[in-house]
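**Q** So that you have it, the file is data00.cif, and it contains mmCIF, C-alpha atoms and all ligand atoms:
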data_coords
#
loop_
_atom_site.label_atom_id
_atom_site.label_comp_id
_atom_site.auth_asym_id
_atom_site.auth_seq_id
_atom_site.Cartn_x
_atom_site.Cartn_y
_atom_site.Cartn_z
CA MET A 4 72.68 45.80 141.86
CA LYS A 5 73.45 42.39 140.47
CA LYS A 6 75.33 42.32 137.23
CA LEU A 7 73.39 40.87 134.34
CA LYS A 8 74.77 39.24 131.29
CA ARG A 9 75.70 41.74 128.64
CA SER A 10 72.61 43.01 126.84
CA CYS A 11 71.85 41.06 123.69
CA LYS A 12 70.59 44.14 121.87
CA LEU A 13 73.90 45.14 120.33
CA ILE A 14 74.83 41.59 119.47
CA ALA A 15 71.56 41.16 117.63
CA ASP A 16 72.15 44.44 115.79
CA ASN A 17 75.63 43.39 114.76
CA ASN A 18 74.31 40.08 113.42
CA TYR A 19 72.08 42.12 111.24
CA ASP A 20 75.15 43.47 109.49
CA GLU A 21 75.67 40.03 107.92
CA LYS A 22 72.15 39.91 106.57
CA ASN A 23 72.05 42.95 104.38
CA GLY A 24 69.36 41.30 102.30
CA ASN A 25 66.92 42.12 105.08
CA LYS A 26 67.67 45.81 104.79
CA SER A 27 64.28 46.81 103.39
CA LEU A 28 62.52 44.64 105.96
CA LEU A 29 64.20 46.47 108.81
CA LEU A 30 63.49 49.85 107.20
CA SER A 31 59.82 48.97 106.82
CA THR A 32 59.72 47.90 110.47
CA PHE A 33 61.52 51.07 111.47
CA ASP A 34 59.09 53.19 109.45
CA ASN A 35 56.16 51.62 111.30
CA GLU A 36 56.90 53.84 114.28
CA PRO A 37 53.42 55.02 115.30
CA GLY A 38 52.23 58.47 116.31
CA TYR A 39 53.84 61.69 115.14
CA TYR A 40 56.40 59.98 112.90
CA GLN A 41 53.82 57.85 111.11
CA GLU A 42 51.21 60.59 110.78
CA ILE A 43 53.30 63.67 109.98
CA ILE A 44 56.80 62.69 108.95
CA HIS A 45 56.55 59.38 107.12
CA PRO A 46 54.36 60.67 104.23
CA LEU A 47 57.05 63.31 103.58
CA LEU A 48 59.72 60.63 103.24
CA ALA A 49 57.98 58.90 100.34
CA SER A 50 59.57 58.96 96.90
CA LYS A 51 58.86 62.16 94.91
CA HIS A 52 57.98 64.10 98.08
CA GLU A 53 61.50 65.52 98.53
CA THR A 54 60.43 69.09 97.77
CA GLU A 55 57.52 68.81 100.18
CA LEU A 56 59.90 67.61 102.90
CA ILE A 57 62.30 70.49 102.32
CA TYR A 58 59.52 73.08 102.52
CA TRP A 59 58.21 71.43 105.68
CA LEU A 60 61.68 71.63 107.25
CA LYS A 61 61.79 75.31 106.35
CA LEU A 62 58.28 75.95 107.66
CA THR A 63 59.02 74.26 110.98
CA ASN A 64 62.37 76.08 111.30
CA LEU A 65 64.39 72.87 111.24
CA ILE A 66 66.37 74.60 108.50
CA LYS A 67 66.81 78.34 108.13
CA SER A 68 63.90 80.21 106.60
CA LYS A 69 66.07 83.33 105.99
CA GLN A 70 69.73 83.85 105.26
CA THR A 71 71.88 86.91 104.68
CA CYS A 72 74.99 86.90 102.55
CA SER A 73 78.25 86.48 104.45
CA LYS A 74 80.60 87.28 101.57
CA ARG A 75 83.39 89.57 102.67
CA THR A 76 83.62 92.86 100.82
CA ILE A 77 86.03 95.81 101.02
CA GLY A 78 83.58 97.60 103.31
CA GLY A 79 82.91 94.53 105.57
CA MET A 80 80.18 92.05 104.67
CA CYS A 81 77.72 91.88 101.75
CA ASN A 82 74.81 91.27 104.18
CA ASN A 83 72.18 91.23 101.43
CA ALA A 84 69.21 88.90 101.60
CA MET A 85 69.56 85.49 99.99
CA SER A 86 66.83 83.50 98.28
CA TRP A 87 66.35 79.87 97.23
CA ILE A 88 67.29 78.74 93.76
CA SER A 89 67.05 75.25 92.35
CA ALA A 90 70.27 73.25 92.81
CA LYS A 91 70.99 71.75 89.41
CA GLY A 92 70.47 68.00 89.15
CA SER A 93 69.85 67.45 92.86
CA GLY A 94 66.11 68.14 93.04
CA SER A 95 66.96 70.34 95.97
CA TYR A 96 67.66 74.03 96.56
CA GLN A 97 70.41 76.32 97.67
CA TRP A 98 70.64 79.86 98.95
CA LYS A 99 71.90 82.54 96.54
CA CYS A 100 72.63 86.15 97.35
CA GLN A 101 70.29 88.53 95.53
CA ILE A 102 73.22 90.83 94.69
CA CYS A 103 76.46 88.88 94.46
CA PRO A 104 77.25 85.28 93.30
CA LYS A 105 77.62 83.88 96.84
CA ARG A 106 75.77 80.62 97.47
CA LYS A 107 75.12 78.56 100.58
CA SER A 108 73.71 75.14 101.32
CA ILE A 109 70.20 75.08 102.75
CA LYS A 110 71.64 72.80 105.45
CA ASP A 111 73.95 75.58 106.70
CA ASP A 112 73.33 76.86 110.23
CA SER A 113 71.04 73.93 111.06
CA ILE A 114 71.47 70.54 112.74
CA PHE A 115 72.03 69.11 109.23
CA SER A 116 74.95 71.43 108.48
CA GLY A 117 77.81 69.72 106.66
CA LEU A 118 76.18 66.27 106.71
CA SER A 119 76.54 64.27 103.51
CA CYS A 120 73.26 62.35 103.90
CA SER A 121 69.86 63.36 102.53
CA PHE A 122 67.25 65.09 104.67
CA LYS A 123 65.19 61.88 104.55
CA ASP A 124 68.01 59.86 106.07
CA ALA A 125 68.83 62.58 108.59
CA ILE A 126 65.26 62.65 109.89
CA ARG A 127 65.31 58.88 110.26
CA ILE A 128 68.64 59.08 112.13
CA ILE A 129 67.12 61.56 114.60
CA LEU A 130 64.23 59.15 115.20
CA ALA A 131 66.74 56.31 115.61
CA TRP A 132 68.56 58.36 118.29
CA CYS A 133 65.27 58.81 120.15
CA LYS A 134 64.70 55.04 119.97
CA SER A 135 68.30 54.26 121.08
CA TYR A 136 69.11 52.19 118.00
CA HIS A 137 72.75 51.28 117.67
CA VAL A 138 74.77 53.41 115.24
CA ASP A 139 75.91 50.41 113.16
CA SER A 140 72.42 49.07 112.55
CA VAL A 141 71.15 52.52 111.50
CA SER A 142 74.15 52.95 109.22
CA ASN A 143 73.46 49.55 107.60
CA MET A 144 69.75 50.14 107.31
CA LEU A 145 70.11 53.50 105.55
CA GLY A 146 73.36 52.88 103.68
CA VAL A 147 74.77 56.01 105.32
CA ASN A 148 78.32 56.36 106.64
CA ASN A 149 78.78 55.32 110.23
CA SER A 150 80.48 58.66 110.96
CA THR A 151 77.46 60.60 109.64
CA VAL A 152 75.09 58.68 111.94
CA GLU A 153 77.46 59.23 114.87
CA GLU A 154 77.71 62.94 114.16
CA LEU A 155 73.93 63.38 114.05
CA TYR A 156 73.57 61.28 117.22
CA ILE A 157 76.02 63.60 118.98
CA ARG A 158 74.17 66.69 117.73
CA SER A 159 70.78 65.28 118.79
CA ALA A 160 72.11 64.34 122.21
CA SER A 161 73.67 67.79 122.60
CA VAL A 162 70.30 69.44 121.91
CA ALA A 163 68.66 67.19 124.51
CA GLU A 164 71.46 67.81 127.01
CA ARG A 165 71.17 71.59 126.66
CA TYR A 166 67.43 71.38 127.25
CA MET A 167 67.87 69.06 130.26
CA THR A 168 70.51 71.28 131.82
CA SER A 169 68.40 74.42 131.53
CA ASN A 170 65.18 72.69 132.67
CA ILE A 171 66.63 70.45 135.34
CA LYS A 172 63.51 70.59 137.55
CA GLU A 173 61.63 68.50 134.96
CA TRP A 174 64.19 65.73 135.51
CA GLN A 175 64.32 65.72 139.28
CA ILE A 176 63.23 62.59 141.13
CA GLY A 177 61.99 61.81 144.63
CA GLY A 178 60.25 64.20 147.01
CA PRO A 179 59.01 64.11 150.61
CA GLY A 180 58.57 60.49 151.73
CA ILE A 181 59.61 59.03 148.35
CA ILE A 182 62.37 56.43 148.42
CA VAL A 183 65.37 57.04 146.14
CA LEU A 184 68.09 54.44 145.66
CA VAL A 185 71.68 55.62 145.25
CA ASP A 186 74.44 53.39 143.89
CA THR A 187 77.22 53.31 141.34
CA TYR A 188 77.89 51.06 138.39
CA PRO A 189 79.85 48.77 138.20
CA GLU A 190 80.82 48.63 141.88
CA GLY A 191 77.23 48.04 142.94
CA CYS A 192 77.17 44.87 140.83
CA ALA A 193 77.76 41.47 142.40
CA ASN A 194 79.91 40.22 139.53
CA THR A 195 82.66 42.72 138.76
CA SER A 196 84.60 41.00 135.98
CA LEU A 197 84.49 44.12 133.79
CA THR A 198 85.08 46.65 136.56
CA ARG A 199 88.47 47.86 135.44
CA MET A 200 87.23 48.34 131.87
CA SER A 201 84.07 50.18 132.80
CA ARG A 202 83.46 53.87 133.24
CA PRO A 203 81.65 54.43 136.56
CA ILE A 204 78.07 55.68 136.39
CA LEU A 205 76.09 57.22 139.24
CA CYS A 206 72.61 55.64 139.35
CA LEU A 207 69.71 57.31 141.14
CA SER A 208 66.31 55.66 140.97
CA GLU A 209 62.90 56.19 142.50
CA VAL A 210 61.17 53.17 143.97
CA LYS A 211 57.57 52.33 143.11
CA THR A 212 57.02 54.66 140.16
CA MET A 213 55.87 53.39 136.81
CA PRO A 214 57.49 53.98 134.47
CA GLN A 215 60.54 53.93 136.65
CA LYS A 216 62.18 57.35 137.11
CA TYR A 217 65.94 57.47 137.24
CA TRP A 218 68.97 59.66 136.64
CA LEU A 219 72.22 58.27 135.30
CA GLU A 220 75.43 60.26 135.13
CA ALA A 221 78.79 59.05 133.87
CA LEU A 222 81.66 59.74 136.26
CA ASP A 223 85.37 60.14 135.65
CA ARG A 224 87.61 57.28 136.62
CA TYR A 225 89.65 57.94 139.75
CA SER A 226 93.35 57.26 140.03
CA ASN A 227 94.32 58.49 143.51
CA LEU A 228 92.84 59.75 146.76
CA ASP A 229 92.61 63.35 145.53
CA THR A 230 90.55 62.44 142.49
CA LEU A 231 88.46 60.08 144.60
CA SER A 232 87.70 62.85 147.09
CA TYR A 233 86.76 65.21 144.24
CA LEU A 234 84.51 62.53 142.74
CA LYS A 235 82.69 61.95 146.04
CA GLN A 236 81.98 65.69 146.32
CA HIS A 237 80.81 65.72 142.71
CA ILE A 238 78.37 62.88 143.47
CA LEU A 239 76.95 64.78 146.45
CA ARG A 240 76.39 67.84 144.22
CA ILE A 241 74.59 65.72 141.60
CA VAL A 242 72.36 64.15 144.27
CA GLN A 243 71.44 67.60 145.64
CA THR A 244 70.62 68.82 142.12
CA ILE A 245 68.56 65.80 141.06
CA VAL A 246 66.97 64.37 144.21
CA ARG A 247 64.26 66.57 145.74
CA PRO A 248 64.61 67.42 149.45
CA GLY A 249 62.71 65.19 151.85
CA SER A 250 63.40 62.04 149.83
CA ILE A 251 64.38 58.89 151.75
CA LEU A 252 67.83 57.87 150.52
CA ILE A 253 68.88 54.21 150.40
CA THR A 254 72.66 53.88 150.00
CA PRO A 255 75.18 51.05 150.27
CA HIS A 256 76.85 50.84 153.68
CA THR A 257 80.25 50.45 152.07
CA SER A 258 81.08 51.73 148.62
CA THR A 259 84.16 53.44 147.19
CA LEU A 260 82.17 56.28 145.66
CA CYS A 261 78.90 56.60 147.57
CA CYS A 262 78.78 54.95 150.97
CA TYR A 263 76.35 55.80 153.78
CA SER A 264 78.83 57.98 155.70
CA ASP A 265 79.36 60.25 152.63
CA PHE A 266 75.69 61.18 152.69
CA GLU A 267 75.40 61.94 156.40
CA GLN A 268 76.38 65.55 155.69
CA LEU A 269 73.20 65.89 153.57
CA GLN A 270 70.84 65.00 156.42
CA VAL A 271 69.44 68.54 156.50
CA LEU A 272 68.06 67.91 153.03
CA TYR A 273 67.38 64.19 153.47
CA PRO A 274 66.51 63.47 157.14
CA ILE A 275 66.12 59.72 156.53
CA ILE A 276 69.11 57.91 155.05
CA VAL A 277 69.15 54.12 155.32
CA THR A 278 71.67 51.52 154.17
CA THR A 279 70.68 48.53 152.06
CA GLU A 280 72.26 46.32 154.73
CA GLU A 281 70.00 47.88 157.38
CA LEU A 282 66.95 47.12 155.20
CA ALA A 283 68.12 43.53 154.72
CA LYS A 284 67.71 42.92 158.46
CA HIS A 285 63.97 42.90 157.78
CA ASN A 286 64.24 40.14 155.16
CA THR A 287 61.64 37.41 155.48
CA ASP A 288 60.98 34.17 153.61
CA GLN A 289 58.60 36.10 151.35
CA GLN A 290 60.48 39.40 151.13
CA ASN A 291 64.16 39.76 150.30
CA VAL A 292 65.52 43.28 149.95
CA PHE A 293 68.34 42.28 147.63
CA THR A 294 65.96 40.46 145.28
CA ASN A 295 63.72 43.52 145.21
CA LEU A 296 66.67 45.79 144.50
CA GLU A 297 67.76 43.56 141.63
CA THR A 298 64.34 43.99 140.06
CA ILE A 299 64.37 47.75 140.54
CA TRP A 300 67.89 48.14 139.09
CA LYS A 301 67.37 45.73 136.18
CA GLU A 302 66.59 48.33 133.50
CA VAL A 303 69.24 50.76 134.77
CA LEU A 304 71.83 48.00 134.78
CA ASN A 305 71.08 47.09 131.18
CA ILE A 306 71.59 50.72 130.17
CA CYS A 307 74.89 50.98 132.09
CA GLU A 308 76.10 47.80 130.40
CA GLU A 309 75.15 49.05 126.96
CA ALA A 310 76.83 52.40 127.66
CA GLN A 311 80.18 50.63 128.02
CA PHE A 312 80.12 49.77 124.30
CA TYR A 313 80.50 53.43 123.40
CA CYS A 314 83.60 55.58 123.39
CA THR A 315 84.13 57.45 126.66
CA SER A 316 83.11 60.79 125.22
CA TYR A 317 79.75 59.47 123.98
CA ILE A 318 78.70 57.68 127.19
CA ASP A 319 77.30 60.89 128.73
CA LEU A 320 75.28 61.60 125.62
CA PHE A 321 74.07 58.01 125.37
CA LEU A 322 72.76 58.17 128.95
CA ARG A 323 71.01 61.44 128.10
CA SER A 324 69.26 59.75 125.15
CA ARG A 325 67.92 57.00 127.39
CA MET A 326 66.62 59.46 129.95
CA TRP A 327 65.07 61.59 127.21
CA ALA A 328 63.20 58.53 125.90
CA LEU A 329 62.21 57.50 129.42
CA VAL A 330 60.64 60.83 130.34
CA TYR A 331 59.02 61.66 127.00
CA GLY A 332 58.13 58.15 125.80
CA ASN A 333 56.13 58.27 122.57
CA GLU A 334 56.61 62.05 122.38
CA SER A 335 60.41 61.95 122.52
CA PHE A 336 60.90 62.37 118.74
CA GLU A 337 58.40 65.21 118.37
CA ARG A 338 59.83 66.98 121.41
CA LEU A 339 63.37 66.67 120.14
CA LEU A 340 62.42 68.13 116.75
CA TYR A 341 60.72 70.99 118.57
CA GLN A 342 63.87 71.67 120.61
CA ILE A 343 66.03 71.51 117.48
CA SER A 344 63.81 74.08 115.76
CA SER A 345 63.81 76.31 118.87
CA MET A 346 67.58 76.32 118.99
CA GLN A 347 68.18 77.24 115.34
ZN ZN A 401 76.17 88.79 98.65
#
Starting from the file, give its structure as structure tokens.
Ligand SMILES: [Zn+2]

**A**
Amino acid sequence: MKKLKRSCKLIADNNYDEKNGNKSLLLSTFDNEPGYYQEIIHPLLASKHETELIYWLKLTNLIKSKQTCSKRTIGGMCNNAMSWISAKGSGSYQWKCQICPKRKSIKDDSIFSGLSCSFKDAIRIILAWCKSYHVDSVSNMLGVNNSTVEELYIRSASVAERYMTSNIKEWQIGGPGIIVLVDTYPEGCANTSLTRMSRPILCLSEVKTMPQKYWLEALDRYSNLDTLSYLKQHILRIVQTIVRPGSILITPHTSTLCCYSDFEQLQVLYPIIVTTEELAKHNTDQQNVFTNLETIWKEVLNICEEAQFYCTSYIDLFLRSRMWALVYGNESFERLLYQISSMQ
């Protein structure tokens, strides 16, 4: 991998902060998202359609369609059915027990639980997560607290992560005769000026698939030989989970975290393992392996660079969001809403 200049995406977003006058322009651009959002969701976000939106959320199970009363009583719990009543002055609803005075928010026990923003804004934030918009620009666009956007990003990413973990086969790459590149960020980059600041990321990528298929996983930093040894074993486990047997692995000859010799023990699963240096021996005037690798890693490298802007705990979830968008493309928003409703 060759290190690229830091992605301009975040810088452009931050500039936007100074131009709040363009807020409605960005929102109108954002709302132009075609497909499911434009056809199904956007009409529900229009002014005076708040009730329609709430009933749609209930119908699609994005909020609870039933609640029982959790008020403690002498004998245990009230447990009676609750029903919707109009919430005074808000144009919204709340749950009220049919027997006792206990009330609950209609956001309770859903992905919106405890969030101070409106349903309209929350739905837009979920779309923004699917499109990998930066938290600050979404916060500015909607006039919603940064912390609220972050919280909903974390919840959305957690839903995606749970689905990915339990359906890992959908996310595997490679297969018999398919070349898979293995490297780590930032060590695999030619220019390592930010190395000490960066959190390492394992990068696995198929060659010659469009759109490019890859798996990115944030790794812990290592401080001594014990943690380094543990990390190397961890990388081998990830490769065995994600890369299908029979794939042709291309690894660096020397690398702190994933060098050729580390992978030799996996030759039962991957009979052909080649180093990038070995490939480079076949360079010609027309074909240069390192130039080709730069092209293949370009998108992955941009994502790894962008990930470094986030706090350590969010990097994993950020990488999940990018892989979710990669695999599901235009369906990523609809699929995420479906997973949210399935997990209620
Ligand atoms: Zn009750």

**Q** For the contact check between chain A and ligand ZN 401 (chain A), emit one row per residue of chain A within 6 Å, containing the shortest atom pair and the distance in Å rounded to one decimal, counting all atoms listed in the file, chain then rising number order, as JSON lines.

**A**
{"residue": "A:Cys72", "atom": "CA", "partner": "A:ZN401", "partner_atom": "ZN", "distance": 4.5}
{"residue": "A:Lys74", "atom": "CA", "partner": "A:ZN401", "partner_atom": "ZN", "distance": 5.5}
{"residue": "A:Cys81", "atom": "CA", "partner": "A:ZN401", "partner_atom": "ZN", "distance": 4.6}
{"residue": "A:Asn83", "atom": "CA", "partner": "A:ZN401", "partner_atom": "ZN", "distance": 5.4}
{"residue": "A:Cys100", "atom": "CA", "partner": "A:ZN401", "partner_atom": "ZN", "distance": 4.6}
{"residue": "A:Ile102", "atom": "CA", "partner": "A:ZN401", "partner_atom": "ZN", "distance": 5.3}
{"residue": "A:Cys103", "atom": "CA", "partner": "A:ZN401", "partner_atom": "ZN", "distance": 4.2}
{"residue": "A:Lys105", "atom": "CA", "partner": "A:ZN401", "partner_atom": "ZN", "distance": 5.4}

**Q** A:Thr212, A:Thr294, A:Ser119, A:Thr168: which is nearest Ser150 in chain A, counting only C-alpha atoms?

**A**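 With only C-alpha atoms as the atom set, the closest residue is A:Ser119.
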
**Q** One decimal, in Å: what's the spacing between CA of Cys133 in chain A and CA of Asp319 in chain A?

**A**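 Answer for the CA of Cys133 in chain A to CA of Asp319 in chain A separation: 14.9 Å.
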
**Q** Quick one, how far is CA of Gln101 in chain A from CA of Ser86 in chain A?

**A**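 Answer for the CA of Gln101 in chain A to CA of Ser86 in chain A separation: 6.7 Å.
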
**Q** Kindly indicate which residue among A:Ile66, A:Ile245, A:Ile171, A:Leu340 lies nearest to Arg127 in chain A, using all atoms listed in the file for the distances.

**A**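 The shortest atom-to-atom distance to Arg127 in chain A comes from A:Leu340.
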
**Q** Measure the distance from CA of Ile253 in chain A to CA of Leu322 in chain A in Å and round it to one decimal.

**A**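 For CA of Ile253 in chain A relative to CA of Leu322 in chain A, the distance reads 22.2 Å.
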
**Q** Name the residues in contact with Tyr313 in chain A at a cut-off of 10 Å, using only C-alpha atoms, excluding same-chain residues fewer than 6 positions from it; report them as a PyMOL selection string.

**A** chain A and resi 137-138+319-321

**Q** Near Arg247 in chain A, counting only C-alpha atoms, which residues have an atom at most 10 Å away, once you skip same-chain residues fewer than 3 positions from it, shown as number ranges by chain?

**A** A: 172, 175-179, 181, 183, 242-244, 250-251, 272-273

**Q** Quick one: residues within 10 Å of Phe115 in chain A, all atoms listed in the file, excluding same-chain residues fewer than 4 positions away - as JSON, numbers by chain?

**A** {"A": [65, 66, 109, 110, 111, 119, 120, 121, 122, 125, 126, 154, 155, 158]}

**Q** Can you write just those residues out, C-alpha atoms, as a CSV table (one decimal), keeping the file's coordinate frame?

**A**
chain,number,residue,atom,x,y,z
A,65,LEU,CA,64.4,72.9,111.2
A,66,ILE,CA,66.4,74.6,108.5
A,109,ILE,CA,70.2,75.1,102.8
A,110,LYS,CA,71.6,72.8,105.4
A,111,ASP,CA,74.0,75.6,106.7
A,119,SER,CA,76.5,64.3,103.5
A,120,CYS,CA,73.3,62.4,103.9
A,121,SER,CA,69.9,63.4,102.5
A,122,PHE,CA,67.2,65.1,104.7
A,125,ALA,CA,68.8,62.6,108.6
A,126,ILE,CA,65.3,62.6,109.9
A,154,GLU,CA,77.7,62.9,114.2
A,155,LEU,CA,73.9,63.4,114.0
A,158,ARG,CA,74.2,66.7,117.7

**Q** With all atoms listed in the file as the basis for distance, which of A:Asn82, A:Ser135, A:Thr54, A:Thr76 is at the shortest distance from Glu309 in chain A?

**A**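 Smallest separation from Glu309 in chain A among the options: A:Ser135.
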